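Trainee: This is input.txt (compact mmCIF, C-alpha atoms).
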```txt
# COMPACT_ATOMS: atom_id res chain seq x y z
CA MET Z 279 -31.79 13.18 -33.01
CA LYS Z 280 -29.15 10.46 -32.77
CA ARG Z 281 -26.44 13.09 -32.39
CA LEU Z 282 -28.31 14.70 -29.50
CA PHE Z 283 -28.45 11.30 -27.80
CA LEU Z 284 -24.83 10.40 -28.53
CA LEU Z 285 -23.33 13.63 -27.16
CA PRO Z 286 -24.41 13.15 -23.52
CA LEU Z 287 -23.49 9.46 -23.79
CA LEU Z 288 -19.99 10.33 -24.96
CA LEU Z 289 -19.64 12.92 -22.20
CA PHE Z 290 -20.77 10.33 -19.65
CA ILE Z 291 -18.22 7.82 -20.94
CA LEU Z 292 -15.43 10.42 -20.85
CA LEU Z 293 -16.32 11.53 -17.33
CA THR Z 294 -16.56 7.92 -16.14
CA GLY Z 295 -13.15 7.20 -17.61
CA LEU Z 296 -11.69 10.29 -15.97
CA VAL Z 297 -13.14 9.34 -12.58
CA LEU Z 298 -11.88 5.77 -12.90
CA HIS Z 299 -8.43 7.07 -13.79
CA LYS Z 300 -8.22 9.63 -11.00
CA ALA Z 301 -9.99 7.73 -8.20
CA GLY Z 302 -6.91 5.66 -7.39
CA THR Z 303 -4.25 8.34 -7.83
CA TYR Z 304 -6.18 10.82 -5.64
CA LEU Z 305 -5.85 8.50 -2.66
CA VAL Z 306 -2.06 8.49 -2.94
CA ARG Z 307 -0.49 11.52 -1.30
CA ASP Z 308 3.25 11.46 -1.97
CA ASP Z 309 4.92 14.54 -0.52
CA ALA Z 310 8.40 15.71 -1.42
CA LYS Z 311 10.83 14.03 0.95
CA ALA Z 312 12.29 16.26 3.65
CA LYS Z 313 13.91 15.68 7.01
CA GLY Z 314 11.56 15.22 9.92
CA ASP Z 315 11.88 15.08 13.69
CA VAL Z 316 10.12 11.72 13.91
CA MET Z 317 8.89 9.03 11.56
CA VAL Z 318 5.60 7.23 12.26
CA ILE Z 319 5.01 3.73 10.93
CA LEU Z 320 1.28 3.14 10.79
CA MET Z 321 0.01 -0.34 11.48
CA GLY Z 322 -1.43 -2.53 8.75
CA SER Z 323 0.71 -4.45 6.30
CA ILE Z 324 4.04 -4.77 8.08
CA ALA Z 325 6.70 -5.77 5.56
CA ASP Z 326 6.22 -3.00 2.98
CA ARG Z 327 6.01 -0.25 5.61
CA VAL Z 328 9.05 -1.38 7.58
CA LEU Z 329 11.09 -1.62 4.38
CA GLU Z 330 10.18 1.98 3.50
CA ALA Z 331 10.89 3.18 7.03
CA ALA Z 332 14.29 1.48 7.02
CA ASP Z 333 15.17 3.17 3.71
CA LEU Z 334 14.14 6.59 5.02
CA TYR Z 335 16.09 6.08 8.24
CA GLN Z 336 19.24 4.99 6.41
CA GLU Z 337 18.92 8.01 4.11
CA GLY Z 338 18.84 10.28 7.15
CA TYR Z 339 15.29 11.60 6.89
CA ALA Z 340 14.46 10.94 10.55
CA GLY Z 341 16.33 9.75 13.61
CA ARG Z 342 13.39 8.62 15.72
CA VAL Z 343 10.68 6.13 14.81
CA LEU Z 344 7.26 5.90 16.46
CA ILE Z 345 4.98 2.87 16.41
CA VAL Z 346 1.65 2.87 18.23
CA GLU Z 347 0.76 -0.41 19.92
CA GLU Z 348 -2.01 -2.00 17.89
CA GLY Z 349 -5.07 -3.40 19.61
CA MET Z 350 -5.41 -7.14 19.06
CA GLY Z 351 -8.39 -8.07 21.20
CA PRO Z 352 -8.06 -10.04 24.46
CA VAL Z 353 -4.27 -10.47 24.26
CA GLU Z 354 -3.84 -10.11 28.02
CA MET Z 355 -6.33 -12.92 28.59
CA LEU Z 356 -4.22 -15.16 26.36
CA ARG Z 357 -1.12 -14.28 28.33
CA ARG Z 358 -2.80 -14.96 31.66
CA ARG Z 359 -3.58 -18.43 30.35
CA GLY Z 360 0.04 -18.99 29.45
CA ALA Z 361 -0.02 -18.26 25.72
CA ASP Z 362 2.55 -15.82 24.38
CA LEU Z 363 1.42 -13.75 21.40
CA ILE Z 364 3.75 -11.31 19.71
CA THR Z 365 1.73 -8.25 18.71
CA ASN Z 366 1.87 -6.79 15.21
CA SER Z 367 3.47 -3.66 16.63
CA SER Z 368 6.24 -5.69 18.29
CA GLN Z 369 6.81 -7.60 15.04
CA CYS Z 370 7.11 -4.27 13.24
CA ARG Z 371 9.61 -3.01 15.80
CA ASN Z 372 11.67 -6.22 15.66
CA ALA Z 373 11.79 -6.14 11.87
CA ALA Z 374 12.88 -2.49 11.90
CA ILE Z 375 15.72 -3.34 14.30
CA GLN Z 376 16.83 -6.22 12.09
CA LEU Z 377 16.91 -3.85 9.12
CA GLY Z 378 19.34 -1.57 10.90
CA ILE Z 379 17.27 0.93 12.90
CA PRO Z 380 18.74 1.02 16.43
CA ALA Z 381 16.41 -0.22 19.17
CA ASP Z 382 16.89 2.97 21.18
CA SER Z 383 15.69 5.01 18.17
CA ILE Z 384 12.28 3.29 18.19
CA SER Z 385 9.50 4.26 20.60
CA LEU Z 386 6.56 1.87 20.97
CA LEU Z 387 3.68 4.04 22.17
CA GLN Z 388 0.89 2.59 24.26
CA GLY Z 389 -2.48 3.04 22.64
CA ASN Z 390 -4.19 -0.28 22.01
CA ALA Z 391 -5.12 1.35 18.71
CA THR Z 392 -7.75 -0.17 16.46
CA SER Z 393 -7.88 2.70 13.97
CA THR Z 394 -5.76 5.38 12.34
CA ILE Z 395 -7.61 7.94 14.47
CA MET Z 396 -6.41 6.25 17.65
CA GLU Z 397 -2.85 6.11 16.30
CA ALA Z 398 -2.98 9.81 15.44
CA ARG Z 399 -4.20 10.73 18.93
CA ALA Z 400 -1.45 8.68 20.56
CA VAL Z 401 1.20 10.40 18.42
CA ALA Z 402 -0.32 13.82 19.19
CA GLU Z 403 -0.08 13.08 22.92
CA TYR Z 404 3.56 12.10 22.48
CA LEU Z 405 4.39 15.26 20.54
CA LYS Z 406 2.77 17.46 23.20
CA ASN Z 407 5.78 16.66 25.36
CA LYS Z 408 8.24 17.22 22.51
CA PRO Z 409 7.96 20.96 21.83
CA GLY Z 410 10.84 20.94 19.35
CA ALA Z 411 9.23 18.35 17.09
CA ASP Z 412 7.35 20.08 14.30
CA THR Z 413 7.72 17.75 11.32
CA ILE Z 414 6.73 14.09 10.99
CA LEU Z 415 7.13 11.53 8.24
CA LEU Z 416 4.05 9.33 7.89
CA VAL Z 417 4.84 5.89 6.48
CA THR Z 418 1.91 3.81 5.31
CA ALA Z 419 0.40 2.01 2.30
CA PRO Z 420 -0.16 4.24 -0.76
CA PRO Z 421 -3.99 4.19 -0.77
CA HIS Z 422 -4.00 5.06 2.94
CA THR Z 423 -1.84 8.20 2.70
CA ARG Z 424 -4.54 10.76 1.80
CA ARG Z 425 -6.89 9.76 4.62
CA ALA Z 426 -4.06 9.21 7.14
CA ALA Z 427 -2.68 12.71 6.57
CA LEU Z 428 -6.14 14.25 7.05
CA ILE Z 429 -6.65 12.31 10.28
CA PHE Z 430 -3.26 13.31 11.68
CA ARG Z 431 -3.84 16.94 10.73
CA ASP Z 432 -7.12 16.85 12.62
CA ALA Z 433 -5.54 15.22 15.70
CA PHE Z 434 -2.73 17.78 15.80
CA ARG Z 435 -5.19 20.65 15.41
CA ASP Z 436 -7.21 19.34 18.36
CA GLN Z 437 -4.04 19.45 20.49
CA GLN Z 438 -3.09 22.88 19.07
CA LEU Z 439 0.09 21.43 17.58
CA ASP Z 440 1.69 23.10 14.58
CA VAL Z 441 3.18 20.03 12.91
CA THR Z 442 4.03 19.54 9.25
CA ILE Z 443 3.00 16.13 7.89
CA ILE Z 444 5.06 14.52 5.14
CA ALA Z 445 3.18 11.58 3.64
CA CYS Z 446 5.51 8.76 2.60
CA PRO Z 447 3.72 5.98 0.72
CA THR Z 448 5.81 2.84 0.70
CA LYS Z 449 7.13 1.93 -2.72
CA TYR Z 450 7.09 -1.74 -1.73
CA HIS Z 451 3.29 -1.93 -1.86
CA HIS Z 452 1.50 -3.24 -4.97
CA PHE Z 453 -0.95 -0.29 -5.14
CA LYS Z 454 0.24 2.47 -7.46
CA GLY Z 455 -3.02 4.35 -8.10
CA LYS Z 456 -3.15 4.07 -11.88
CA GLY Z 457 -5.07 1.17 -13.35
CA TRP Z 458 -6.51 0.25 -9.97
CA PHE Z 459 -9.68 -1.16 -11.58
CA LYS Z 460 -7.65 -3.92 -13.26
CA ARG Z 461 -6.75 -5.69 -10.03
CA LYS Z 462 -9.18 -7.17 -7.51
CA GLU Z 463 -7.10 -6.22 -4.46
CA ASP Z 464 -6.78 -2.62 -5.69
CA ILE Z 465 -10.53 -2.36 -6.30
CA GLN Z 466 -11.14 -3.51 -2.74
CA SER Z 467 -8.60 -0.98 -1.44
CA VAL Z 468 -10.19 1.92 -3.34
CA ILE Z 469 -13.73 1.06 -2.22
CA SER Z 470 -12.58 0.60 1.38
CA GLU Z 471 -10.60 3.84 1.47
CA TYR Z 472 -13.37 5.99 0.00
CA THR Z 473 -15.86 4.49 2.44
CA LYS Z 474 -13.56 5.26 5.38
CA LEU Z 475 -12.71 8.71 4.00
CA LEU Z 476 -16.41 9.56 3.74
CA ALA Z 477 -16.99 8.32 7.29
CA PHE Z 478 -14.15 10.47 8.59
CA LEU Z 479 -15.20 13.64 6.75
CA THR Z 480 -18.88 13.38 7.67
CA VAL Z 481 -18.86 11.84 11.17
CA GLU Z 482 -15.61 10.84 12.83
CA GLN Z 483 -13.75 14.15 12.72
CA PHE Z 484 -16.56 15.82 14.66
CA ARG Z 485 -16.53 13.37 17.58
```
Using C-alpha cells, write down the structure from this file.

Mentor:
Amino acid sequence: MKRLFLLPLLLFILLTGLVLHKAGTYLVRDDAKAKGDVMVILMGSIADRVLEAADLYQEGYAGRVLIVEEGMGPVEMLRRRGADLITNSSQCRNAAIQLGIPADSISLLQGNATSTIMEARAVAEYLKNKPGADTILLVTAPPHTRRAALIFRDAFRDQQLDVTIIACPTKYHHFKGKGWFKRKEDIQSVISEYTKLLAFLTVEQFR
C-alpha cells in the first residue's frame, strides 16, 4: 500500500522539479546570431540592453538601430511648466552613441509606447516603408525574449510583413534561466513573464 502511495508522490516530485528547471529556460529565446537589416532595442532596463546592442553593432550584425519612444506619462505637461525630463528612450539613444554607434545610425520612432505590443506595432509601421528589410535583431532582457518574439511576429503578420526575427537576449542581464527559483528577482521575473505571456496568448493578440 505504501508503495502505491509513494509512486505518484515521487512522480509528482520529479515533474515539479522538471517544471521548476524548465520554466526559466523556456522564457529565454536565444537565436543563432545572423546579420539583420535593423536592430531593435526594446525599452526596459537600459544599461544591459544598450551594452548588448553596442556589441552586436561593433560585430557588424546590423547597421541600423531602432528605439521606440517610451511613454512616460504627462511629460509634455512637465515641459510646459519649465521642467526638462530626459526620456528613457533618449537616455538609451545617448548611451548607444557614447558606446560607438553613430547618431545617424539610430532612429528614434514616435510611439509613446507603454508596452511591447505598442513597440512592435511602431516597428511594423516603420518596416512597411522599408521593403528591403526582412530580418531584425531583437535586443531585450533574457526572460522577455520569448514573449517579445511572439508579439513582434504577430504585429508583422497583421501588416503582412515577411520578417525574420532573431532574438538576442543581453548577456549583461542577471537572469540566465537556470536556477531562477533561487533568486528573488528571478522569481518575480518568471511570474511576471508567464502572467503577461498568458494575457497575450488568450486576449491581447486577438484585439

Trainee: In Å, how far is it from CA of Gln483 in chain Z to CA of Arg431 in chain Z?

Mentor: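 Answer for the CA of Gln483 in chain Z to CA of Arg431 in chain Z separation: 10.5 Å.
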
Trainee: Return as AutoDock Vina command-line options the centre and edge lengths, in Å with one decimal, of the box along x, y and z that encloses every atom of range 381-389 of chain Z in the file, padded by 5 Å per side.

Mentor:
```
--center_x 7.2 --center_y 2.4 --center_z 21.2 --size_x 29.4 --size_y 15.2 --size_z 16.1
```

Trainee: When you look at range 403-419 of chain Z with a cut-off of 8 Å (counting all atoms listed in the file), what residues show up, excluding the ones that are within fewer than 2 positions of it in the same chain? I need them as a ChimeraX atom specification.

Mentor: /Z:313-323,326-327,330-331,340,399-401,421-423,427,437,439-448,451,453

Trainee: Missing atoms in range 422-435 of chain Z should be modelled up to N, CA and C atoms and reported as a PDB file, in the coordinates of the input.

Mentor:
```pdb
ATOM      1  N   HIS Z 422      -3.644   4.589   1.596  1.00  0.00           N
ATOM      2  CA  HIS Z 422      -4.000   5.060   2.940  1.00  0.00           C
ATOM      3  C   HIS Z 422      -3.468   6.472   3.215  1.00  0.00           C
ATOM      4  N   THR Z 423      -2.552   6.963   2.384  1.00  0.00           N
ATOM      5  CA  THR Z 423      -1.840   8.200   2.700  1.00  0.00           C
ATOM      6  C   THR Z 423      -2.739   9.437   2.765  1.00  0.00           C
ATOM      7  N   ARG Z 424      -3.677   9.568   1.815  1.00  0.00           N
ATOM      8  CA  ARG Z 424      -4.540  10.760   1.800  1.00  0.00           C
ATOM      9  C   ARG Z 424      -5.364  10.846   3.089  1.00  0.00           C
ATOM     10  N   ARG Z 425      -6.031   9.762   3.430  1.00  0.00           N
ATOM     11  CA  ARG Z 425      -6.890   9.760   4.620  1.00  0.00           C
ATOM     12  C   ARG Z 425      -6.048   9.876   5.891  1.00  0.00           C
ATOM     13  N   ALA Z 426      -4.918   9.174   5.947  1.00  0.00           N
ATOM     14  CA  ALA Z 426      -4.060   9.210   7.140  1.00  0.00           C
ATOM     15  C   ALA Z 426      -3.571  10.632   7.420  1.00  0.00           C
ATOM     16  N   ALA Z 427      -3.165  11.341   6.383  1.00  0.00           N
ATOM     17  CA  ALA Z 427      -2.680  12.710   6.570  1.00  0.00           C
ATOM     18  C   ALA Z 427      -3.791  13.622   7.085  1.00  0.00           C
ATOM     19  N   LEU Z 428      -5.007  13.454   6.576  1.00  0.00           N
ATOM     20  CA  LEU Z 428      -6.140  14.250   7.050  1.00  0.00           C
ATOM     21  C   LEU Z 428      -6.432  13.962   8.525  1.00  0.00           C
ATOM     22  N   ILE Z 429      -6.377  12.693   8.890  1.00  0.00           N
ATOM     23  CA  ILE Z 429      -6.650  12.310  10.280  1.00  0.00           C
ATOM     24  C   ILE Z 429      -5.594  12.864  11.219  1.00  0.00           C
ATOM     25  N   PHE Z 430      -4.330  12.777  10.836  1.00  0.00           N
ATOM     26  CA  PHE Z 430      -3.260  13.310  11.680  1.00  0.00           C
ATOM     27  C   PHE Z 430      -3.343  14.823  11.781  1.00  0.00           C
ATOM     28  N   ARG Z 431      -3.679  15.482  10.687  1.00  0.00           N
ATOM     29  CA  ARG Z 431      -3.840  16.940  10.730  1.00  0.00           C
ATOM     30  C   ARG Z 431      -4.921  17.334  11.722  1.00  0.00           C
ATOM     31  N   ASP Z 432      -6.008  16.581  11.717  1.00  0.00           N
ATOM     32  CA  ASP Z 432      -7.120  16.850  12.620  1.00  0.00           C
ATOM     33  C   ASP Z 432      -6.716  16.613  14.076  1.00  0.00           C
ATOM     34  N   ALA Z 433      -5.982  15.533  14.334  1.00  0.00           N
ATOM     35  CA  ALA Z 433      -5.540  15.220  15.700  1.00  0.00           C
ATOM     36  C   ALA Z 433      -4.581  16.269  16.226  1.00  0.00           C
ATOM     37  N   PHE Z 434      -3.683  16.747  15.380  1.00  0.00           N
ATOM     38  CA  PHE Z 434      -2.730  17.780  15.800  1.00  0.00           C
ATOM     39  C   PHE Z 434      -3.446  19.105  16.049  1.00  0.00           C
ATOM     40  N   ARG Z 435      -4.426  19.406  15.233  1.00  0.00           N
ATOM     41  CA  ARG Z 435      -5.190  20.650  15.410  1.00  0.00           C
ATOM     42  C   ARG Z 435      -5.942  20.627  16.735  1.00  0.00           C
TER      43      ARG Z 435
END
```
